[in-house]
Amino acid sequence: MPDSPTVALFVTCLVDLFRPSVGFAAVKLLEQAGCTVEAPSAQACCGQPGYNSGDRKSAQAIAKGVIAAFEGYDYVVAPSGSCGGMIAKHYPELFAGDPAWQARAEALAAKTHELISYLVDVRGMTAVESRLDAVCTYHDSCSSLREMKVKAQPRRLLQSVEGLALRELETPEVCCGFGGAFCVKYPDISNAMVADKTADIAQTGADTVLAGDLGCLMNIAGKLSRDGSAIRAWHVAEVLAGVEAPPIAQAETPGGGSGGRP
Amino acid sequence: MTELSPARFSEQAAAALKDAALQRALGNMRIGFIEKRRKAADKLPEFEALRDEGVAIKNHTLAHLDLYLEAYEKKAVEAGGQVHWARDAGEARQIVLRICRDAGARTVTKGKSMIGEEMHLNPFLEANDIEPVETDLGEYIIQLRHETPSHIIAPAIHVNKDQVADAFREHHTALPPDRPLDEGPDLLAEARTELRERFIEADVGITGANFLIAETGSSIIVTNEGNGDLTQILPRVHIVLASLEKVVPTLEDATTLMRLLARSATGQEMSVYTTVSTGPRRAGDPDGPEEYHVILLDNGRSALYGTEFQEVFRCIRCGACLNHCPVYGAIGGHAYGTVYPGPIGKVLSPALMGIDKAGKLPNASSFCGRCEEVCPMRIPLPKLMRHWREEEYDRKLNPAAVRWGLGLWAWAVRRPALYRFGARFAIAGMAFLGRRRGHLKALPMAGGWTAHRNLPAPQGGTFHDLWRKRKSTRRRTDR
Ligand code: SF4
């Protein structure tokens, strides 16, 4: 493997549409880690919504497009455990019984990573140069935690952010209730789950919540915002790269400015 | 009370979320079970290896299920037991009735049995003038309250102590009305006294089985109250209700699984009582029933053998998946409207009643994966739920609007350039509407989201558009 690998960024549909700043933060961190970053334009979504709705055929068709667009790069990195997990854990299973595509899916799966674990585990990153004056808490998104084994890596890098203190949730590993289509199919149950999550966040006394998946963050920040909470939410990559945008669901960083740029 | 049904899952869940007493009971439950299991698992260095061993035992047994069931039957009959095979719940009920009638039974005591629930046995016995008396404390409580179990190992987990006291005062009318019933021990002592009488009256005792042992023809139950022992030893006739997958090859295998069961269920190293029954009372035995019957229930299970759902038959009914499920924790067990609630129920119920009737259940999961993480038998519950969703989709059982929406989405996503063209407008619109506050409070067709949360506004411009611009700027400055 070359020391300056070419990384294809799997942007994810939510980052592409809602929060490009997460994608640019990912690019910045990957470049700091010595990678050349490309963002293949032939990407829209990993296919998970179809896959989890039982529409296996559509999911396969989408997955084939992703495999073809990404298999030529050294690595595929996504700023999301959920989309990363879809490619790394579910694509091979999606093509069970189709040896040719399964082999290609497995090859792609083997070089696909969630962003923060890629930086720490593969690129050996131990610290970042960034600053944010905040008391943060961190929500472990389910796919990052269980499918992509992301737990210590973001905490490790966050420790190096100047001005940032980390306070753990009581139940960091409990689902926030997002679950893709789940949150709109079962809004009441999802609401009960996210209400538990925001109560746990508030109970830590933190003024900022971070996570590695934009889906969970939109859910959590959307709930905090509806409840009138001033707690800020960012994707962990944004904080590690140096915050450049207002918190999710907020127009401005309370107190003015746009966070603590170094 | 209208009958609970999986078809009304959403309504039942919404009602459960508003039920203050239920929410109080669930709040107490959630932390307790999880902490206890974690401590028990942490204390045993070989816990993960034990899980692997348990999985291997069950996989082996399931691969040769016919052989082990036949071996079990042979041994059970040799020990003087009678084995009855029941294709469905109806057949099983008739077998129970025949045995009870032959024994001239008026009262039967019952140990906790989920198979009994699957058979809807209590209402059936009552309709035939046989009084069933539940002897597990939790089951006894819900029997008084005319409810079904809301949890597979803690049937009355949805009931608070004060509600138990109310039920006791209502039914135990011979006792002084002003007696204290505030503490757990008061309630336990009173239930015990009431039940003692019933144990002695009973003509038939019915229990479930945690395991059936092929090498000895024995059945095993584990309990924490000892009620199972009295249920099966005191009456003249003992009936064991078991489903096909309860069989394991040896006693040794059962003990391995028991170590997993107690730790995963309640965080105990071992359940308080483990009772092994092999046939009826033999000459010289100090106690035991004169007749020992085992009813082996299929009830749709054999149709799943050899399919991807076979893995679900590793289940040892520990309840850990329920205890760790955030959906179960939010709504409790009754909202599912099925015998088996929680993640295991979402996989098992469509098999027992049909995906056309129980289709809502496998859909009601955020796929957080915690159930699979704690399942001692490593059953891939989310994957199996997804398989049910696929079956539902393939059979066109889900709503037309969902199918249409999905179809449109899939069509667009496969054409990234076109997709981006359309997305650009949607995003620009939303970004414009949300530019002042950074979020939107309502949006057409997004009511599921905005009923409870604001929608974060897009920053404006897609990543790919911005990326292309940035690359061309970089190229220009590089020149
Ligand atoms: S599925 Fe697993 S966790 Fe759930 S009851 Fe069965 S064995 Fe226990």
# chains A, B, ... in the order shown; residues from 1 in each chain; ligands from 1

call {"tool": "residues_near_ligand", "arguments": {"ligand": "ligand 1", "cutoff": "10 Å", "atoms": "only C-alpha atoms and all ligand atoms", "output": "PDB file with C-alpha atoms, in the first residue's frame"}}
result
ATOM      1  CA  VAL B  55     -24.335 -21.986  19.612  1.00  0.00           C
ATOM      2  CA  HIS B 151     -42.359 -10.599  29.017  1.00  0.00           C
ATOM      3  CA  ILE B 152     -41.158 -14.138  28.415  1.00  0.00           C
ATOM      4  CA  ILE B 153     -39.372 -14.530  31.742  1.00  0.00           C
ATOM      5  CA  LEU B 257     -26.931 -23.790  28.105  1.00  0.00           C
ATOM      6  CA  LEU B 260     -25.834 -19.015  29.632  1.00  0.00           C
ATOM      7  CA  LEU B 261     -29.540 -18.867  30.355  1.00  0.00           C
ATOM      8  CA  SER B 264     -28.339 -13.688  30.232  1.00  0.00           C
ATOM      9  CA  ALA B 265     -31.795 -13.649  31.783  1.00  0.00           C
ATOM     10  CA  GLU B 311     -31.300 -19.961  13.468  1.00  0.00           C
ATOM     11  CA  VAL B 312     -34.167 -18.744  15.603  1.00  0.00           C
ATOM     12  CA  PHE B 313     -34.532 -22.250  17.013  1.00  0.00           C
ATOM     13  CA  ARG B 314     -31.340 -21.767  18.969  1.00  0.00           C
ATOM     14  CA  CYS B 315     -33.326 -19.460  21.231  1.00  0.00           C
ATOM     15  CA  ILE B 316     -33.298 -20.487  24.891  1.00  0.00           C
ATOM     16  CA  ARG B 317     -35.932 -17.890  25.865  1.00  0.00           C
ATOM     17  CA  CYS B 318     -33.661 -15.951  28.200  1.00  0.00           C
ATOM     18  CA  GLY B 319     -35.355 -12.618  27.488  1.00  0.00           C
ATOM     19  CA  ALA B 320     -32.080 -10.684  27.149  1.00  0.00           C
ATOM     20  CA  CYS B 321     -33.118  -9.357  23.748  1.00  0.00           C
ATOM     21  CA  LEU B 322     -36.279  -7.913  25.293  1.00  0.00           C
ATOM     22  CA  ASN B 323     -34.415  -6.402  28.217  1.00  0.00           C
ATOM     23  CA  HIS B 324     -31.941  -4.624  25.949  1.00  0.00           C
ATOM     24  CA  CYS B 325     -34.384  -3.564  23.249  1.00  0.00           C
ATOM     25  CA  TYR B 340     -43.789 -13.456  22.138  1.00  0.00           C
ATOM     26  CA  PRO B 341     -42.876  -9.752  22.333  1.00  0.00           C
ATOM     27  CA  GLY B 342     -39.582  -7.981  21.714  1.00  0.00           C
ATOM     28  CA  PRO B 343     -36.938  -8.872  19.140  1.00  0.00           C
ATOM     29  CA  ILE B 344     -37.439 -12.636  19.404  1.00  0.00           C
ATOM     30  CA  GLY B 345     -41.163 -12.064  18.960  1.00  0.00           C
ATOM     31  CA  LYS B 346     -40.570  -9.938  15.872  1.00  0.00           C
ATOM     32  CA  VAL B 347     -38.841 -12.899  14.290  1.00  0.00           C
ATOM     33  CA  LEU B 348     -40.937 -15.732  15.700  1.00  0.00           C
ATOM     34  CA  ARG B 370     -28.291  -4.551  20.638  1.00  0.00           C
ATOM     35  CA  CYS B 371     -30.435  -7.692  20.730  1.00  0.00           C
ATOM     36  CA  GLU B 372     -27.983  -9.606  18.605  1.00  0.00           C
ATOM     37  CA  GLU B 373     -25.121  -8.242  20.661  1.00  0.00           C
ATOM     38  CA  VAL B 374     -26.485  -9.710  23.909  1.00  0.00           C
ATOM     39  CA  CYS B 375     -28.260 -12.810  22.597  1.00  0.00           C
ATOM     40  CA  PRO B 376     -26.372 -15.667  24.233  1.00  0.00           C
ATOM     41  CA  MET B 377     -27.156 -17.849  21.234  1.00  0.00           C
ATOM     42  CA  ARG B 378     -25.912 -15.230  18.760  1.00  0.00           C
ATOM     43  CA  ILE B 379     -29.143 -15.237  16.780  1.00  0.00           C
ATOM     44  CA  PRO B 380     -28.885 -12.548  14.080  1.00  0.00           C
ATOM     45  CA  LEU B 381     -32.239 -11.054  15.004  1.00  0.00           C
TER      46      LEU B 381
END

call {"tool": "select_by_dssp", "arguments": {"residues": "stretch 383-468 of chain B", "states": "alpha helix (DSSP H)", "output": "count of residues only"}}
result
54

call {"tool": "residues_around", "arguments": {"residues": "A:Arg167", "least_positions_apart": "5", "cutoff": "7 Å", "atoms": "only C-alpha atoms", "output": "list in words"}}
result
Cys136, Thr137, Thr204 and Ala206 of chain A

call {"tool": "write_last_selection", "arguments": {"atoms": "C-alpha atoms", "output": "PDB file, in the first residue's frame"}}
result
ATOM      1  CA  CYS A 136     -18.909  17.675  25.032  1.00  0.00           C
ATOM      2  CA  THR A 137     -20.657  14.393  25.308  1.00  0.00           C
ATOM      3  CA  THR A 204     -24.338  15.227  31.748  1.00  0.00           C
ATOM      4  CA  ALA A 206     -22.535  19.122  28.493  1.00  0.00           C
TER       5      ALA A 206
END

call {"tool": "residues_around", "arguments": {"residues": "stretch 213-228 of chain A", "least_positions_apart": "4", "cutoff": "8 Å", "atoms": "only C-alpha atoms", "output": "PDB file with C-alpha atoms, in the first residue's frame"}}
result
ATOM      1  CA  LEU A  14     -27.319  13.019   4.133  1.00  0.00           C
ATOM      2  CA  VAL A  15     -23.955  14.801   4.157  1.00  0.00           C
ATOM      3  CA  PRO A  79     -18.065   9.811   7.586  1.00  0.00           C
ATOM      4  CA  SER A  80     -20.721   7.406   8.841  1.00  0.00           C
ATOM      5  CA  GLY A  81     -20.696   3.994  10.496  1.00  0.00           C
ATOM      6  CA  SER A  82     -24.077   3.303   9.018  1.00  0.00           C
ATOM      7  CA  SER A 141     -24.214   5.476  16.890  1.00  0.00           C
ATOM      8  CA  SER A 144     -20.482   2.689  14.185  1.00  0.00           C
ATOM      9  CA  CYS A 176     -31.206   7.411  19.673  1.00  0.00           C
ATOM     10  CA  GLY A 177     -34.297   6.247  17.789  1.00  0.00           C
ATOM     11  CA  PHE A 178     -33.280   7.397  14.311  1.00  0.00           C
ATOM     12  CA  GLY A 179     -32.998   4.068  12.503  1.00  0.00           C
ATOM     13  CA  GLY A 180     -33.488   5.470   8.996  1.00  0.00           C
ATOM     14  CA  VAL A 194     -34.778  10.307  21.280  1.00  0.00           C
ATOM     15  CA  ALA A 195     -36.380  11.952  24.317  1.00  0.00           C
ATOM     16  CA  LYS A 197     -31.329  10.325  24.630  1.00  0.00           C
ATOM     17  CA  THR A 198     -31.681  14.103  24.937  1.00  0.00           C
ATOM     18  CA  ARG A 232     -25.085  22.298  20.225  1.00  0.00           C
ATOM     19  CA  ALA A 233     -24.619  19.309  17.930  1.00  0.00           C
ATOM     20  CA  TRP A 234     -21.805  18.700  15.479  1.00  0.00           C
ATOM     21  CA  HIS A 235     -20.462  15.750  13.603  1.00  0.00           C
ATOM     22  CA  ILE A 248     -26.791  21.287  13.327  1.00  0.00           C
ATOM     23  CA  ALA A 249     -30.325  22.772  13.345  1.00  0.00           C
ATOM     24  CA  GLN A 250     -29.033  26.093  14.650  1.00  0.00           C
TER      25      GLN A 250
ATOM     26  CA  HIS B 439     -34.163  24.353  11.014  1.00  0.00           C
ATOM     27  CA  LYS B 441     -40.617  23.179  12.108  1.00  0.00           C
ATOM     28  CA  HIS B 452     -41.710  15.517  17.356  1.00  0.00           C
ATOM     29  CA  ARG B 453     -38.552  17.206  16.095  1.00  0.00           C
ATOM     30  CA  ASN B 454     -37.401  20.079  13.961  1.00  0.00           C
ATOM     31  CA  LEU B 455     -35.748  19.306  10.680  1.00  0.00           C
ATOM     32  CA  PRO B 456     -32.215  20.688  10.487  1.00  0.00           C
TER      33      PRO B 456
END

call {"tool": "interface_residues", "arguments": {"of": "chain A", "to": "chain B", "cutoff": "6 Å", "atoms": "only C-alpha atoms", "output": "tab-separated table (two decimals) with N, CA, C and O atoms, in the first residue's frame"}}
result
chain	number	residue	atom	x	y	z
A	16	ASP	N	-24.18	14.86	1.75
A	16	ASP	CA	-24.25	15.50	0.44
A	16	ASP	C	-25.35	16.56	0.42
A	16	ASP	O	-25.13	17.69	-0.01
A	17	LEU	N	-26.52	16.20	0.93
A	17	LEU	CA	-27.67	17.09	0.80
A	17	LEU	C	-27.79	18.09	1.94
A	17	LEU	O	-28.17	19.23	1.74
A	18	PHE	N	-27.50	17.66	3.15
A	18	PHE	CA	-27.80	18.51	4.31
A	18	PHE	C	-26.59	19.22	4.89
A	18	PHE	O	-26.69	20.31	5.42
A	19	ARG	N	-25.44	18.56	4.86
A	19	ARG	CA	-24.33	19.12	5.61
A	19	ARG	C	-23.00	18.86	4.92
A	19	ARG	O	-22.16	18.09	5.41
A	20	PRO	N	-22.77	19.54	3.81
A	20	PRO	CA	-21.49	19.37	3.10
A	20	PRO	C	-20.29	19.65	4.00
A	20	PRO	O	-19.21	19.09	3.77
A	42	ALA	N	-20.10	9.52	-9.28
A	42	ALA	CA	-21.14	8.51	-9.53
A	42	ALA	C	-21.62	7.88	-8.23
A	42	ALA	O	-21.63	6.68	-8.06
A	43	GLN	N	-21.95	8.70	-7.25
A	43	GLN	CA	-22.47	8.15	-6.00
A	43	GLN	C	-23.66	8.99	-5.55
A	43	GLN	O	-23.68	10.20	-5.71
A	44	ALA	N	-24.63	8.31	-4.99
A	44	ALA	CA	-25.76	9.04	-4.41
A	44	ALA	C	-26.02	8.47	-3.03
A	44	ALA	O	-25.97	9.18	-2.03
A	54	GLY	N	-36.73	-4.18	2.68
A	54	GLY	CA	-37.05	-5.46	2.07
A	54	GLY	C	-36.95	-5.46	0.55
A	54	GLY	O	-37.23	-6.46	-0.10
A	58	SER	N	-33.58	-3.60	-5.57
A	58	SER	CA	-33.11	-2.22	-5.74
A	58	SER	C	-31.79	-2.03	-5.03
A	58	SER	O	-30.88	-1.38	-5.55
A	62	ILE	N	-28.32	-0.72	-6.74
A	62	ILE	CA	-27.58	0.45	-6.26
A	62	ILE	C	-26.17	0.05	-5.84
A	62	ILE	O	-25.19	0.73	-6.16
A	142	CYS	N	-25.29	3.34	16.59
A	142	CYS	CA	-25.37	1.88	16.67
A	142	CYS	C	-24.49	1.20	15.62
A	142	CYS	O	-23.78	0.25	15.93
A	175	CYS	N	-29.56	3.19	21.37
A	175	CYS	CA	-30.02	3.81	20.11
A	175	CYS	C	-30.75	5.13	20.39
A	175	CYS	O	-31.53	5.24	21.33
A	179	GLY	N	-32.69	5.31	13.21
A	179	GLY	CA	-33.00	4.07	12.50
A	179	GLY	C	-33.51	4.26	11.09
A	179	GLY	O	-34.32	3.46	10.61
A	182	PHE	N	-37.24	4.05	10.15
A	182	PHE	CA	-37.91	3.74	11.41
A	182	PHE	C	-38.51	5.00	12.05
A	182	PHE	O	-39.63	4.99	12.55
A	184	VAL	N	-39.65	7.70	10.87
A	184	VAL	CA	-40.89	8.24	10.29
A	184	VAL	C	-42.00	7.19	10.22
A	184	VAL	O	-43.17	7.53	10.19
A	187	PRO	N	-43.08	7.11	14.46
A	187	PRO	CA	-42.63	8.37	15.05
A	187	PRO	C	-42.78	8.43	16.58
A	187	PRO	O	-41.94	9.02	17.25
A	222	GLY	N	-32.49	17.79	16.07
A	222	GLY	CA	-33.86	18.19	15.76
A	222	GLY	C	-34.73	18.17	17.00
A	222	GLY	O	-35.58	19.04	17.21
A	223	LYS	N	-34.48	17.17	17.86
A	223	LYS	CA	-35.25	17.07	19.10
A	223	LYS	C	-34.83	18.17	20.08
A	223	LYS	O	-35.68	18.83	20.69
A	226	ARG	N	-36.34	21.34	18.92
A	226	ARG	CA	-37.78	21.43	19.17
A	226	ARG	C	-38.05	21.74	20.64
A	226	ARG	O	-38.96	22.48	20.98
A	249	ALA	N	-28.99	22.26	13.00
A	249	ALA	CA	-30.33	22.77	13.34
A	249	ALA	C	-30.29	24.14	14.01
A	249	ALA	O	-31.31	24.65	14.43
A	250	GLN	N	-29.10	24.73	14.11
A	250	GLN	CA	-29.03	26.09	14.65
A	250	GLN	C	-28.46	27.01	13.56
A	250	GLN	O	-27.66	26.58	12.74
A	251	ALA	N	-28.90	28.28	13.60
A	251	ALA	CA	-28.46	29.21	12.57
A	251	ALA	C	-27.09	29.78	12.89
A	251	ALA	O	-26.26	29.99	12.03

call {"tool": "residues_around", "arguments": {"residues": "B:Pro149", "least_positions_apart": "6", "cutoff": "10 Å", "atoms": "only C-alpha atoms", "output": "mmCIF file with C-alpha atoms, in the first residue's frame"}}
result
data_model
loop_
_atom_site.group_PDB
_atom_site.id
_atom_site.type_symbol
_atom_site.label_atom_id
_atom_site.label_comp_id
_atom_site.auth_asym_id
_atom_site.auth_seq_id
_atom_site.Cartn_x
_atom_site.Cartn_y
_atom_site.Cartn_z
ATOM 1 C CA LYS B 112 -44.873 -20.813 33.726
ATOM 2 C CA MET B 114 -44.781 -19.922 26.981
ATOM 3 C CA GLU B 117 -49.523 -19.265 26.119
ATOM 4 C CA GLY B 138 -45.874 -13.217 38.052
ATOM 5 C CA GLU B 139 -48.260 -15.502 36.180
ATOM 6 C CA ILE B 141 -50.669 -11.831 39.324
ATOM 7 C CA ILE B 142 -51.573 -11.471 35.668
ATOM 8 C CA GLN B 143 -54.109 -14.284 35.938
ATOM 9 C CA PRO B 155 -44.685 -12.047 32.863
ATOM 10 C CA ALA B 156 -45.866 -9.294 35.224
ATOM 11 C CA ILE B 157 -43.020 -6.860 34.574
ATOM 12 C CA HIS B 158 -45.604 -4.277 33.491
ATOM 13 C CA GLY B 333 -44.731 -6.341 25.797
ATOM 14 C CA HIS B 334 -48.497 -6.093 25.326
ATOM 15 C CA THR B 338 -48.461 -11.429 20.169
ATOM 16 C CA VAL B 339 -47.476 -14.207 22.568
ATOM 17 C CA TYR B 340 -43.789 -13.456 22.138
ATOM 18 C CA PRO B 341 -42.876 -9.752 22.333
#

call {"tool": "decode", "arguments": {"residues": "stretch 46-60 of chain A", "atoms": "N, CA, C and O atoms", "output": "mmCIF file, in the first residue's frame"}}
result
data_model
loop_
_atom_site.group_PDB
_atom_site.id
_atom_site.type_symbol
_atom_site.label_atom_id
_atom_site.label_comp_id
_atom_site.auth_asym_id
_atom_site.auth_seq_id
_atom_site.Cartn_x
_atom_site.Cartn_y
_atom_site.Cartn_z
ATOM 1 N N CYS A 46 -25.956 4.568 -0.510
ATOM 2 C CA CYS A 46 -25.422 3.210 -0.404
ATOM 3 C C CYS A 46 -26.488 2.153 -0.642
ATOM 4 O O CYS A 46 -26.182 0.979 -0.784
ATOM 5 N N GLY A 47 -27.751 2.547 -0.635
ATOM 6 C CA GLY A 47 -28.815 1.581 -0.882
ATOM 7 C C GLY A 47 -29.493 1.062 0.366
ATOM 8 O O GLY A 47 -30.413 0.250 0.295
ATOM 9 N N GLN A 48 -29.047 1.557 1.512
ATOM 10 C CA GLN A 48 -29.581 1.027 2.768
ATOM 11 C C GLN A 48 -31.101 1.184 2.934
ATOM 12 O O GLN A 48 -31.752 0.256 3.424
ATOM 13 N N PRO A 49 -31.675 2.330 2.518
ATOM 14 C CA PRO A 49 -33.132 2.455 2.682
ATOM 15 C C PRO A 49 -33.892 1.332 1.979
ATOM 16 O O PRO A 49 -34.854 0.790 2.524
ATOM 17 N N GLY A 50 -33.456 0.964 0.784
ATOM 18 C CA GLY A 50 -34.115 -0.132 0.082
ATOM 19 C C GLY A 50 -33.856 -1.463 0.775
ATOM 20 O O GLY A 50 -34.763 -2.262 0.999
ATOM 21 N N TYR A 51 -32.601 -1.674 1.125
ATOM 22 C CA TYR A 51 -32.192 -2.923 1.773
ATOM 23 C C TYR A 51 -33.002 -3.168 3.046
ATOM 24 O O TYR A 51 -33.523 -4.254 3.263
ATOM 25 N N ASN A 52 -33.126 -2.138 3.878
ATOM 26 C CA ASN A 52 -33.835 -2.307 5.144
ATOM 27 C C ASN A 52 -35.353 -2.276 4.994
ATOM 28 O O ASN A 52 -36.072 -2.527 5.947
ATOM 29 N N SER A 53 -35.830 -1.956 3.784
ATOM 30 C CA SER A 53 -37.272 -2.005 3.558
ATOM 31 C C SER A 53 -37.674 -3.290 2.859
ATOM 32 O O SER A 53 -38.818 -3.447 2.469
ATOM 33 N N GLY A 54 -36.732 -4.181 2.681
ATOM 34 C CA GLY A 54 -37.054 -5.460 2.069
ATOM 35 C C GLY A 54 -36.949 -5.461 0.553
ATOM 36 O O GLY A 54 -37.229 -6.455 -0.097
ATOM 37 N N ASP A 55 -36.522 -4.323 -0.019
ATOM 38 C CA ASP A 55 -36.402 -4.233 -1.478
ATOM 39 C C ASP A 55 -34.969 -4.602 -1.869
ATOM 40 O O ASP A 55 -34.152 -3.754 -2.195
ATOM 41 N N ARG A 56 -34.711 -5.881 -1.838
ATOM 42 C CA ARG A 56 -33.368 -6.378 -2.054
ATOM 43 C C ARG A 56 -32.873 -6.101 -3.472
ATOM 44 O O ARG A 56 -31.700 -5.804 -3.684
ATOM 45 N N LYS A 57 -33.778 -6.195 -4.418
ATOM 46 C CA LYS A 57 -33.370 -6.012 -5.825
ATOM 47 C C LYS A 57 -32.850 -4.595 -6.066
ATOM 48 O O LYS A 57 -31.813 -4.416 -6.683
ATOM 49 N N SER A 58 -33.580 -3.604 -5.570
ATOM 50 C CA SER A 58 -33.113 -2.221 -5.738
ATOM 51 C C SER A 58 -31.789 -2.032 -5.028
ATOM 52 O O SER A 58 -30.881 -1.378 -5.546
ATOM 53 N N ALA A 59 -31.691 -2.600 -3.818
ATOM 54 C CA ALA A 59 -30.453 -2.457 -3.057
ATOM 55 C C ALA A 59 -29.285 -3.052 -3.838
ATOM 56 O O ALA A 59 -28.197 -2.467 -3.897
ATOM 57 N N GLN A 60 -29.533 -4.200 -4.476
ATOM 58 C CA GLN A 60 -28.466 -4.823 -5.275
ATOM 59 C C GLN A 60 -28.074 -3.936 -6.450
ATOM 60 O O GLN A 60 -26.884 -3.743 -6.728
#
